[in-house]
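Participant: Sharing run-v6.tsv, TSV, C-alpha atoms:
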chain	number	residue	atom	x	y	z
W	1	MET	CA	0.00	0.00	0.00
W	2	LYS	CA	1.23	3.49	-0.79
W	3	THR	CA	1.84	5.90	2.04
W	4	GLU	CA	-0.51	8.46	0.52
W	5	ASP	CA	-3.26	5.84	0.53
W	6	LEU	CA	-2.66	5.15	4.20
W	7	ILE	CA	-2.82	8.90	4.82
W	8	ASN	CA	-6.30	8.95	3.23
W	9	ALA	CA	-7.54	6.46	5.78
W	10	ILE	CA	-5.80	8.17	8.71
W	11	ALA	CA	-7.19	11.57	7.69
W	12	GLN	CA	-10.75	10.21	7.69
W	13	ASP	CA	-10.20	8.95	11.22
W	14	ALA	CA	-9.68	12.56	12.40
W	15	ALA	CA	-13.40	12.35	13.10
W	16	ALA	CA	-12.63	9.99	15.99
W	17	ARG	CA	-12.25	12.54	18.78
W	18	THR	CA	-9.71	11.86	21.41
W	19	MET	CA	-9.30	13.16	24.95
W	20	PRO	CA	-6.00	14.88	25.79
W	21	MET	CA	-3.66	12.77	27.88
W	22	SER	CA	-3.63	15.23	30.78
W	23	TRP	CA	-7.43	14.98	31.10
W	24	ARG	CA	-7.27	11.20	31.01
W	25	LEU	CA	-4.82	11.34	33.88
W	26	ILE	CA	-7.13	13.65	35.86
W	27	PHE	CA	-9.92	11.09	35.49
W	28	ALA	CA	-7.55	8.24	36.39
W	29	VAL	CA	-6.30	9.96	39.55
W	30	GLY	CA	-9.87	10.90	40.50
W	31	GLY	CA	-11.08	7.36	39.86
W	32	GLY	CA	-8.15	5.90	41.77
W	33	CYS	CA	-8.94	8.14	44.76
W	34	VAL	CA	-12.61	7.10	44.72
W	35	LEU	CA	-11.64	3.41	44.64
W	36	ALA	CA	-9.09	3.83	47.44
W	37	ALA	CA	-11.66	5.75	49.53
W	38	LEU	CA	-14.26	3.02	49.04
W	39	ALA	CA	-11.73	0.34	49.94
W	40	LEU	CA	-10.78	2.26	53.09
W	41	VAL	CA	-14.38	2.74	54.22
W	42	ALA	CA	-15.24	-0.89	53.45
W	43	THR	CA	-12.32	-2.26	55.48
W	44	ILE	CA	-10.45	-0.42	58.23
W	45	GLY	CA	-12.40	2.87	58.11
W	46	VAL	CA	-11.53	6.42	59.07
W	47	ARG	CA	-10.06	7.01	62.51
W	48	PRO	CA	-12.77	8.02	65.00
W	49	ASP	CA	-11.01	11.18	66.18
W	50	ILE	CA	-10.48	12.54	62.66
W	51	TRP	CA	-11.96	15.98	63.42
W	52	SER	CA	-9.81	16.70	66.44
W	53	ALA	CA	-6.78	15.20	64.65
W	54	LEU	CA	-7.23	17.75	61.87
W	55	GLY	CA	-6.41	20.45	64.41
W	56	THR	CA	-2.99	19.00	65.27
W	57	TRP	CA	0.12	19.95	63.33
W	58	ARG	CA	1.47	16.41	63.14
W	59	PHE	CA	-1.65	15.04	61.46
W	60	ASP	CA	-1.78	17.99	59.07
W	61	ALA	CA	1.93	17.60	58.29
W	62	LYS	CA	1.33	13.90	57.58
W	63	LEU	CA	-1.42	14.69	55.08
W	64	LEU	CA	0.61	17.52	53.57
W	65	SER	CA	3.68	15.30	53.10
W	66	VAL	CA	1.64	12.63	51.34
W	67	VAL	CA	-0.27	15.14	49.21
W	68	ALA	CA	3.05	16.72	48.18
W	69	VAL	CA	4.44	13.35	47.09
W	70	LEU	CA	1.19	12.66	45.23
W	71	ALA	CA	1.33	16.00	43.42
W	72	GLY	CA	4.98	15.54	42.50
W	73	ALA	CA	4.37	12.03	41.20
W	74	TRP	CA	1.41	13.27	39.18
W	75	GLY	CA	3.61	15.90	37.57
W	76	ALA	CA	6.21	13.26	36.74
W	77	VAL	CA	3.55	10.97	35.28
W	78	ARG	CA	2.17	13.75	33.07
W	79	HIS	CA	5.66	14.45	31.86
W	80	LEU	CA	6.61	10.83	31.24
W	81	SER	CA	3.36	10.05	29.39
W	82	ARG	CA	4.65	12.10	26.45
W	83	PRO	CA	7.24	10.82	24.00
W	84	GLN	CA	9.47	13.87	24.38
W	85	GLY	CA	9.25	13.95	28.18
W	86	ASP	CA	12.75	14.03	29.58
W	87	SER	CA	13.47	11.96	32.64
W	88	ARG	CA	15.52	14.54	34.52
W	89	SER	CA	12.72	17.04	35.07
W	90	ALA	CA	10.35	14.17	35.88
W	91	LEU	CA	12.70	12.89	38.58
W	92	PHE	CA	13.05	16.42	39.92
W	93	SER	CA	9.27	16.77	40.00
W	94	ALA	CA	8.95	13.48	41.88
W	95	ALA	CA	11.77	14.13	44.35
W	96	LEU	CA	11.26	17.79	45.27
W	97	PRO	CA	8.03	17.32	47.31
W	98	MET	CA	9.84	14.95	49.64
W	99	LEU	CA	11.33	18.10	51.19
W	100	VAL	CA	7.98	18.63	52.90
W	101	ALA	CA	8.50	15.40	54.82
W	102	VAL	CA	12.08	16.43	55.64
W	103	VAL	CA	10.84	19.72	57.12
W	104	ALA	CA	8.23	17.84	59.17
W	105	ILE	CA	10.90	15.45	60.47
W	106	ALA	CA	13.10	18.40	61.47
W	107	ALA	CA	10.18	20.00	63.30
W	108	GLU	CA	9.52	16.75	65.15
W	109	LEU	CA	13.15	16.29	66.16
W	110	LEU	CA	13.26	19.85	67.47
W	111	SER	CA	9.98	19.65	69.39
W	112	ALA	CA	9.95	16.10	70.81
W	113	PRO	CA	12.25	14.96	73.65
W	114	VAL	CA	15.04	12.68	72.45
W	115	ALA	CA	13.88	9.90	74.78
W	116	THR	CA	10.55	9.67	72.88
W	117	TRP	CA	12.00	9.53	69.35
W	118	GLY	CA	12.25	5.76	69.21
W	119	GLN	CA	8.74	5.15	70.44
W	120	ARG	CA	7.35	7.79	68.07
W	121	ALA	CA	9.09	6.18	65.12
W	122	ILE	CA	7.93	2.66	65.99
W	123	GLY	CA	4.38	3.81	66.59
W	124	SER	CA	1.51	1.48	67.36
W	125	ASN	CA	0.38	0.16	64.02
W	126	ALA	CA	3.37	-0.37	61.76
W	127	LYS	CA	2.36	-3.75	60.32
W	128	LEU	CA	-1.09	-2.58	59.30
W	129	CYS	CA	0.51	0.49	57.77
W	130	LEU	CA	2.67	-1.59	55.44
W	131	VAL	CA	-0.15	-3.88	54.35
W	132	ALA	CA	-2.90	-1.27	54.12
W	133	ILE	CA	-0.94	1.18	51.95
W	134	LEU	CA	-0.13	-1.61	49.52
W	135	GLY	CA	-3.74	-2.81	49.52
W	136	LEU	CA	-5.25	0.63	49.02
W	137	SER	CA	-2.79	1.34	46.17
W	138	LEU	CA	-3.72	-1.65	44.02
W	139	ALA	CA	-6.89	-0.32	42.42
W	140	PRO	CA	-5.33	3.09	41.69
W	141	LEU	CA	-2.34	1.32	40.11
W	142	ALA	CA	-4.62	-0.71	37.84
W	143	VAL	CA	-6.58	2.37	36.73
W	144	LEU	CA	-3.41	4.40	36.12
W	145	LEU	CA	-1.70	1.62	34.18
W	146	ALA	CA	-4.75	1.19	31.96
W	147	THR	CA	-4.76	4.94	31.33
W	148	MET	CA	-1.04	5.10	30.65
W	149	ARG	CA	-1.38	2.47	27.95
W	150	ALA	CA	-2.85	5.29	25.87
W	151	GLY	CA	0.29	7.32	26.48
W	152	ALA	CA	3.52	7.35	24.51
W	153	PRO	CA	6.26	7.14	27.13
W	154	ARG	CA	9.84	7.25	25.96
W	155	SER	CA	10.80	4.95	28.80
W	156	PRO	CA	8.06	2.44	29.70
W	157	SER	CA	9.74	1.39	32.94
W	158	LEU	CA	10.29	4.96	34.13
W	159	ALA	CA	6.69	5.86	33.29
W	160	GLY	CA	5.55	2.72	35.12
W	161	GLY	CA	7.66	3.64	38.13
W	162	ALA	CA	6.13	7.10	38.29
W	163	ILE	CA	2.67	5.56	38.06
W	164	GLY	CA	3.52	3.18	40.91
W	165	LEU	CA	4.75	6.12	43.00
W	166	LEU	CA	1.51	7.99	42.28
W	167	ALA	CA	-0.62	4.94	43.14
W	168	GLY	CA	1.38	4.42	46.34
W	169	ALA	CA	0.85	8.08	47.31
W	170	ILE	CA	-2.92	7.72	46.73
W	171	GLY	CA	-2.96	4.61	48.90
W	172	ALA	CA	-0.90	6.38	51.57
W	173	LEU	CA	-3.19	9.41	51.55
W	174	PHE	CA	-6.26	7.32	52.34
W	175	TYR	CA	-4.44	5.13	54.82
W	176	ALA	CA	-3.28	8.32	56.55
W	177	ILE	CA	-6.83	9.20	57.58
W	178	HIS	CA	-7.14	5.82	59.30
W	179	CYS	CA	-3.64	5.73	60.75
W	180	PRO	CA	-3.43	6.71	64.45
W	181	ASP	CA	0.33	7.38	64.27
W	182	ASP	CA	1.01	10.95	63.28
W	183	SER	CA	4.69	11.47	64.07
W	184	PRO	CA	6.69	12.50	60.99
W	185	LEU	CA	9.26	9.93	62.16
W	186	PHE	CA	6.65	7.17	61.86
W	187	VAL	CA	5.54	8.43	58.45
W	188	ALA	CA	9.10	8.48	57.13
W	189	LEU	CA	9.91	5.03	58.50
W	190	TRP	CA	6.72	3.13	57.61
W	191	TYR	CA	5.06	4.96	54.72
W	192	THR	CA	8.18	5.01	52.56
W	193	PRO	CA	8.68	1.23	52.10
W	194	PRO	CA	5.20	0.38	50.72
W	195	ILE	CA	5.27	3.42	48.43
W	196	ALA	CA	8.71	2.35	47.19
W	197	VAL	CA	7.41	-1.18	46.62
W	198	MET	CA	4.56	0.26	44.55
W	199	ALA	CA	7.01	2.34	42.50
W	200	ALA	CA	9.15	-0.74	41.83
W	201	THR	CA	6.08	-2.80	40.94
W	202	GLY	CA	4.96	-0.06	38.58
W	203	ALA	CA	8.36	-0.01	36.91
W	204	VAL	CA	8.30	-3.77	36.32
W	205	LEU	CA	4.72	-3.75	35.03
W	206	GLY	CA	5.37	-0.65	32.95
W	207	ASN	CA	8.30	-2.28	31.25
W	208	ARG	CA	5.96	-5.07	30.12
W	209	MET	CA	2.72	-3.18	29.53
W	210	LEU	CA	3.58	0.33	28.40
W	211	ARG	CA	5.50	-0.36	25.20
W	212	TRP	CA	3.83	1.12	22.14
Q	1	MET	CA	10.27	27.97	15.68
Q	2	ASN	CA	9.80	28.66	11.99
Q	3	GLU	CA	6.64	29.40	10.05
Q	4	GLN	CA	6.26	25.87	8.82
Q	5	GLU	CA	6.32	24.50	12.35
Q	6	LEU	CA	3.62	26.95	13.40
Q	7	GLN	CA	1.56	26.00	10.38
Q	8	TRP	CA	1.89	22.30	11.19
Q	9	ALA	CA	0.73	22.96	14.74
Q	10	ASP	CA	-2.30	24.88	13.40
Q	11	LEU	CA	-3.15	21.97	11.12
Q	12	MET	CA	-2.89	19.52	14.01
Q	13	ARG	CA	-5.15	21.65	16.17
Q	14	ALA	CA	-7.69	21.73	13.33
Q	15	ALA	CA	-7.34	17.95	12.94
Q	16	ASN	CA	-8.02	17.52	16.65
Q	17	ARG	CA	-11.34	19.27	16.00
Q	18	GLY	CA	-12.21	16.77	13.28
Q	19	ASP	CA	-10.91	18.61	10.16
Q	20	THR	CA	-9.96	15.77	7.82
Q	21	ASP	CA	-8.56	18.04	5.08
Q	22	ALA	CA	-6.20	19.75	7.50
Q	23	TYR	CA	-5.15	16.37	8.78
Q	24	ARG	CA	-4.45	15.04	5.29
Q	25	HIS	CA	-2.34	18.11	4.49
Q	26	LEU	CA	-0.38	17.72	7.69
Q	27	MET	CA	0.30	14.01	7.21
Q	28	ALA	CA	1.30	14.60	3.59
Q	29	ALA	CA	3.74	17.31	4.71
Q	30	ILE	CA	5.23	15.22	7.52
Q	31	ALA	CA	5.66	12.00	5.50
Q	32	PRO	CA	8.59	13.14	3.29
Q	33	ALA	CA	10.43	14.45	6.34
Q	34	LEU	CA	9.93	11.12	8.09
Q	35	ARG	CA	11.11	9.32	4.99
Q	36	GLY	CA	14.34	11.28	4.90
Q	37	PHE	CA	14.96	10.63	8.56
Q	38	ALA	CA	14.18	6.93	8.35
Q	39	ARG	CA	16.29	6.50	5.23
Q	40	ARG	CA	19.34	7.99	6.90
Q	41	ALA	CA	18.79	5.98	10.05
Q	42	PHE	CA	18.46	2.73	8.07
Q	43	ALA	CA	21.53	3.49	6.00
Q	44	ARG	CA	23.63	4.37	9.03
Q	45	SER	CA	22.71	1.19	10.86
Q	46	GLY	CA	23.75	-0.86	7.84
Q	47	LEU	CA	20.27	-1.87	6.69
Q	48	GLY	CA	18.98	-1.67	3.16
Q	49	VAL	CA	16.61	1.20	2.53
Q	50	ASP	CA	13.95	-0.89	0.80
Q	51	GLU	CA	12.03	-1.28	4.06
Q	52	VAL	CA	12.14	2.39	4.95
Q	53	GLU	CA	8.57	2.95	3.85
Q	54	ASP	CA	7.35	0.39	6.40
Q	55	ALA	CA	8.92	2.50	9.16
Q	56	VAL	CA	7.40	5.68	7.70
Q	57	GLN	CA	3.93	4.15	7.70
Q	58	GLU	CA	4.33	2.76	11.18
Q	59	THR	CA	5.35	6.21	12.39
Q	60	LEU	CA	2.37	7.88	10.70
Q	61	LEU	CA	0.04	5.43	12.41
Q	62	ALA	CA	1.72	6.08	15.76
Q	63	LEU	CA	1.42	9.85	15.28
Q	64	HIS	CA	-2.27	9.34	14.62
Q	65	LEU	CA	-3.04	6.90	17.42
Q	66	LYS	CA	-0.99	8.83	20.00
Q	67	ARG	CA	-2.05	12.32	18.94
Q	68	HIS	CA	-3.67	12.99	22.33
Q	69	THR	CA	-0.17	12.92	23.87
Q	70	TRP	CA	0.60	16.17	22.08
Q	71	ASP	CA	-0.24	19.12	24.33
Q	72	GLU	CA	-1.78	21.78	22.07
Q	73	ARG	CA	0.03	24.54	23.94
Q	74	GLN	CA	3.44	23.05	23.16
Q	75	PRO	CA	5.34	23.07	19.85
Q	76	LEU	CA	4.38	20.19	17.57
Q	77	VAL	CA	7.69	19.32	15.93
Q	78	PRO	CA	9.59	18.07	19.00
Q	79	TRP	CA	6.67	15.76	19.67
Q	80	VAL	CA	6.69	14.46	16.09
Q	81	LYS	CA	10.45	13.91	16.32
Q	82	ALA	CA	10.12	12.00	19.56
Q	83	ILE	CA	7.48	9.66	18.11
Q	84	ALA	CA	9.51	9.20	14.93
Q	85	ARG	CA	12.67	8.44	16.84
Q	86	ASN	CA	10.91	5.85	18.96
Q	87	LYS	CA	9.27	4.13	15.99
Q	88	VAL	CA	12.33	4.14	13.77
Q	89	ILE	CA	14.47	2.71	16.58
Q	90	ASP	CA	11.85	-0.04	17.01
Q	91	ALA	CA	11.97	-0.76	13.30
Q	92	LEU	CA	15.78	-0.91	13.29
Q	93	ARG	CA	15.85	-3.15	16.34
Q	94	ARG	CA	13.40	-5.62	14.80
Q	95	ARG	CA	15.59	-5.83	11.73
Q	96	GLY	CA	18.74	-6.30	13.77
Q	97	GLY	CA	20.35	-2.96	12.94
Q	98	SER	CA	22.28	-0.72	15.29
Q	99	THR	CA	19.96	1.72	16.99
Q	100	HIS	CA	22.11	4.66	17.86
Q	101	ILE	CA	20.23	7.72	16.64
Q	102	PRO	CA	21.27	11.09	17.99
Q	103	LEU	CA	18.21	13.33	18.34
Q	104	ASP	CA	20.06	16.20	16.68
Q	105	GLU	CA	20.20	14.22	13.50
Q	106	LEU	CA	16.45	14.36	13.34
Q	107	SER	CA	16.15	18.00	14.24
Q	108	ASP	CA	18.26	19.08	11.29
Q	109	THR	CA	16.45	16.99	8.81
Q	110	LEU	CA	12.83	16.74	9.76
Q	111	ALA	CA	11.70	19.82	7.92
Q	112	ASP	CA	13.36	19.88	4.53
Q	113	ASP	CA	13.49	16.50	2.87
Q	114	ARG	CA	11.34	16.72	-0.23
Q	115	ASN	CA	13.38	14.76	-2.70
Q	116	SER	CA	11.51	11.55	-2.34
Q	117	ASP	CA	8.26	10.26	-3.72
Q	118	SER	CA	5.89	8.13	-1.78
Q	119	GLY	CA	6.95	4.54	-1.87
Q	120	GLN	CA	5.09	1.30	-1.64
Q	121	ALA	CA	5.36	-0.72	1.52
Q	122	ALA	CA	4.92	-4.43	1.90
Q	123	ASP	CA	4.28	-4.81	5.62
Q	124	ILE	CA	1.09	-2.80	5.66
Q	125	ALA	CA	-0.40	-4.72	2.74
Q	126	ASN	CA	0.25	-7.86	4.72
Q	127	ALA	CA	-1.24	-6.36	7.85
Q	128	VAL	CA	-4.34	-5.26	5.92
Q	129	SER	CA	-4.82	-8.76	4.59
Q	130	HIS	CA	-4.93	-10.01	8.19
Q	131	LEU	CA	-7.87	-7.75	9.08
Q	132	LYS	CA	-11.37	-9.12	9.36
Q	133	GLU	CA	-13.03	-9.11	5.94
Q	134	ARG	CA	-15.41	-6.23	6.68
Q	135	ASP	CA	-12.64	-4.11	8.21
Q	136	ARG	CA	-10.36	-4.91	5.29
Q	137	GLN	CA	-13.00	-3.73	2.81
Q	138	ILE	CA	-13.43	-0.50	4.77
Q	139	VAL	CA	-9.69	0.22	4.96
Q	140	VAL	CA	-9.12	-0.53	1.28
Q	141	ALA	CA	-12.05	1.63	0.20
Q	142	MET	CA	-11.02	4.56	2.36
Q	143	SER	CA	-7.31	4.39	1.63
Q	144	ILE	CA	-6.63	3.13	-1.89
Q	145	GLU	CA	-9.95	4.27	-3.36
Q	146	GLY	CA	-10.13	7.40	-1.23
Q	147	ALA	CA	-13.80	6.81	-0.45
Q	148	SER	CA	-15.54	8.78	2.29
Q	149	ALA	CA	-17.16	7.16	5.30
Q	150	ARG	CA	-20.57	7.92	3.79
Q	151	ASP	CA	-19.71	6.21	0.47
Q	152	VAL	CA	-18.46	3.15	2.27
Q	153	ALA	CA	-21.50	3.10	4.55
Q	154	GLN	CA	-23.82	3.01	1.55
Q	155	ARG	CA	-21.79	0.42	-0.25
Q	156	LEU	CA	-21.66	-1.95	2.71
Q	157	ALA	CA	-25.16	-1.12	4.01
Q	158	MET	CA	-23.78	0.06	7.36
Q	159	SER	CA	-24.30	3.27	9.29
Q	160	GLU	CA	-21.69	5.96	8.82
Q	161	GLY	CA	-20.93	5.81	12.52
Q	162	ALA	CA	-20.29	2.07	12.37
Q	163	VAL	CA	-17.91	2.59	9.45
Q	164	ARG	CA	-15.98	5.19	11.45
Q	165	VAL	CA	-15.76	2.95	14.49
Q	166	ALA	CA	-14.56	0.06	12.32
Q	167	LEU	CA	-11.97	2.27	10.62
Q	168	HIS	CA	-10.55	3.41	13.94
Q	169	ARG	CA	-10.39	-0.14	15.25
Q	170	ALA	CA	-8.75	-1.32	12.04
Q	171	LEU	CA	-6.06	1.37	12.19
Q	172	LYS	CA	-5.27	0.31	15.74
Q	173	ALA	CA	-5.04	-3.31	14.63
Q	174	LEU	CA	-2.73	-2.34	11.75
Q	175	ALA	CA	-0.44	-0.43	14.10
Q	176	LYS	CA	-0.32	-3.38	16.45
Q	177	THR	CA	0.53	-5.86	13.69
Q	178	LEU	CA	3.23	-3.60	12.27
Q	179	GLY	CA	4.69	-2.96	15.73
Q	180	SER	CA	4.89	-6.64	16.55
Q	181	GLY	CA	6.88	-7.32	13.41
Q	182	THR	CA	4.60	-10.17	12.36
Q	183	ALA	CA	3.26	-8.48	9.26
Take the structure I supplied and represent it as structure tokens, if you would.
Facilitator:
Amino acid sequence: MKTEDLINAIAQDAAARTMPMSWRLIFAVGGGCVLAALALVATIGVRPDIWSALGTWRFDAKLLSVVAVLAGAWGAVRHLSRPQGDSRSALFSAALPMLVAVVAIAAELLSAPVATWGQRAIGSNAKLCLVAILGLSLAPLAVLLATMRAGAPRSPSLAGGAIGLLAGAIGALFYAIHCPDDSPLFVALWYTPPIAVMAATGAVLGNRMLRW
Amino acid sequence: MNEQELQWADLMRAANRGDTDAYRHLMAAIAPALRGFARRAFARSGLGVDEVEDAVQETLLALHLKRHTWDERQPLVPWVKAIARNKVIDALRRRGGSTHIPLDELSDTLADDRNSDSGQAADIANAVSHLKERDRQIVVAMSIEGASARDVAQRLAMSEGAVRVALHRALKALAKTLGSGTA
């Protein structure tokens, strides 16, 4: 077949409207959040003292740290969904928000007596934290992977890793409103591993599923 | 950014709003540039240039099927280059060539290669023959015969919408067959 003939057929398909990638990602993140929220409510639920917790700086810093990671990962995903997206600015976008957590940790170390650091870091619910963040991240990961298959990432594994990070941050955000441990030390010690596992899982899956 | 690049971006924006004529013009303008790029890449990696047109057609299909990954506020040409680079590297890899393509190579040459006429390609003919019979009829009518969706709908006693849906699905299937190297 001649190329100009193929162009005839492609041109006619301009009538098939297509949603911009950034909008698709908005729907995917929104859908992932809804699924994670439903999973949270259906299983472990929201902590009973949520309203008074919202007035404490540690709880707010916990949410803010996770939201910052989520926003940074989202930026990286948007970037990496495009064929010309360069990995350096995506990595910068993903890494920068982690400074919020660093600031929270510094505040905790300055305000809490040294003798309590260990107990604050160990917390009361570490095992559930690991399992629940992974569990709440699964549905968002599936939705985001399906959406990213419409993308054109230059590096499928990097794009998959960013998607895993984003899914892990969504899972962490919803787990955070159940989690009774608010110390930034606890968050750094126990939220990081499951989110990292999700990022690694995303990278492996992306390498297999996001080629185009 | 030169005038031609701005014009291409305008055409793509019009295409995104369903303007088939703008889209045809754009694709026809991009194809020779892709051909020049692919030809050089094939030659440099030690492959014969007789399969270049397969890579050109695969790239055109990818540009079409991934067009929503172009952000309308950004320049079009870097996006086209990135898709082309990815697809041509794939094509080289499948044929066992070396795949080192500096991006600069493409940036110098994407805009001004007009010395080539549109070639025939074997892979896509093969891929078309693997389509379901109805889809194959639709693709052949709309490509080689240049028929409109309405013509084809009347001929095959289908609705125009069904023809459009089938065309879109068939183009996706063609891209997939070409990309897998089984055509």
Participant: Taking all atoms listed in the file into account and nothing else, which residues of chain W lie no more than 9 Å away from chain Q? Please answer as an MDAnalysis selection string.
Facilitator: chainID W and resid 1:22 81:85 150:152 154 212
Participant: Could you check which of W:Leu91, W:Val67, W:Leu165, W:Val102 is closest to W:Leu134, using all atoms listed in the file?
Facilitator: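 Closest to W:Leu134 of all the choices is W:Leu165.
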Participant: What's around W:Leu145 at 9 Å? Count all atoms listed in the file, leave out sequence neighbours fewer than 6 positions away in its own chain, and write the answer as a PyMOL selection string.
Facilitator: chain W and resi 160+163-164+202+205-206+209-210
Participant: Please compute the atom CA of W:Leu136-atom CA of W:Arg58 distance, one decimal, in Å.
Facilitator: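 Separation between atom CA of W:Leu136 and atom CA of W:Arg58: 22.2 Å.
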Participant: Which residue gives the smallest distance to Q:Gly97 among Q:Ala157, Q:Ala9, Q:Val52, Q:Ala43, with all atoms listed in the file counted?
Facilitator: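 Distance minimum relative to Q:Gly97 lands on Q:Ala43.
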Participant: Between W:Ala146, W:Leu185, W:Ala37, W:Ala132, single out the one closest to W:Leu25, counting only C-alpha atoms.
Facilitator: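 Selected residue with least distance to W:Leu25: W:Ala146.
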Participant: Could you give me, as a list in words, the residues within 9 Å of stretch 39-41 of chain W, counting only C-alpha atoms and dropping anything in the same chain fewer than 5 positions from it?
Facilitator: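 Surrounding residues, per the criterion: Val34, Val46, Ala132, Gly135, Leu136, Ala139, Phe174, Tyr175 and His178 of chain W.
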Participant: Can you tell me how far atom CA of W:Thr56 sits from atom CA of W:Ile195, in Å to one decimal?
Facilitator: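 Spanning atom CA of W:Thr56 to atom CA of W:Ile195 is a straight-line distance of 24.4 Å.
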Participant: For a test of reading the model, state the distance in Å between atom CA of Q:Arg40 and atom CA of Q:Gly96, rounded to one decimal.
Facilitator: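 The value is 15.9 Å.
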Participant: Show me that you can extract stretch 180-192 of chain W, keeping C-alpha atoms, and write it as an mmCIF file, in the first residue's frame.
Facilitator:
data_model
loop_
_atom_site.group_PDB
_atom_site.id
_atom_site.type_symbol
_atom_site.label_atom_id
_atom_site.label_comp_id
_atom_site.auth_asym_id
_atom_site.auth_seq_id
_atom_site.Cartn_x
_atom_site.Cartn_y
_atom_site.Cartn_z
ATOM 1 C CA PRO W 180 -3.427 6.712 64.450
ATOM 2 C CA ASP W 181 0.332 7.381 64.269
ATOM 3 C CA ASP W 182 1.015 10.953 63.280
ATOM 4 C CA SER W 183 4.686 11.473 64.072
ATOM 5 C CA PRO W 184 6.691 12.502 60.993
ATOM 6 C CA LEU W 185 9.257 9.926 62.160
ATOM 7 C CA PHE W 186 6.650 7.167 61.858
ATOM 8 C CA VAL W 187 5.539 8.426 58.454
ATOM 9 C CA ALA W 188 9.098 8.478 57.135
ATOM 10 C CA LEU W 189 9.907 5.029 58.503
ATOM 11 C CA TRP W 190 6.721 3.134 57.608
ATOM 12 C CA TYR W 191 5.064 4.961 54.723
ATOM 13 C CA THR W 192 8.183 5.006 52.563
#
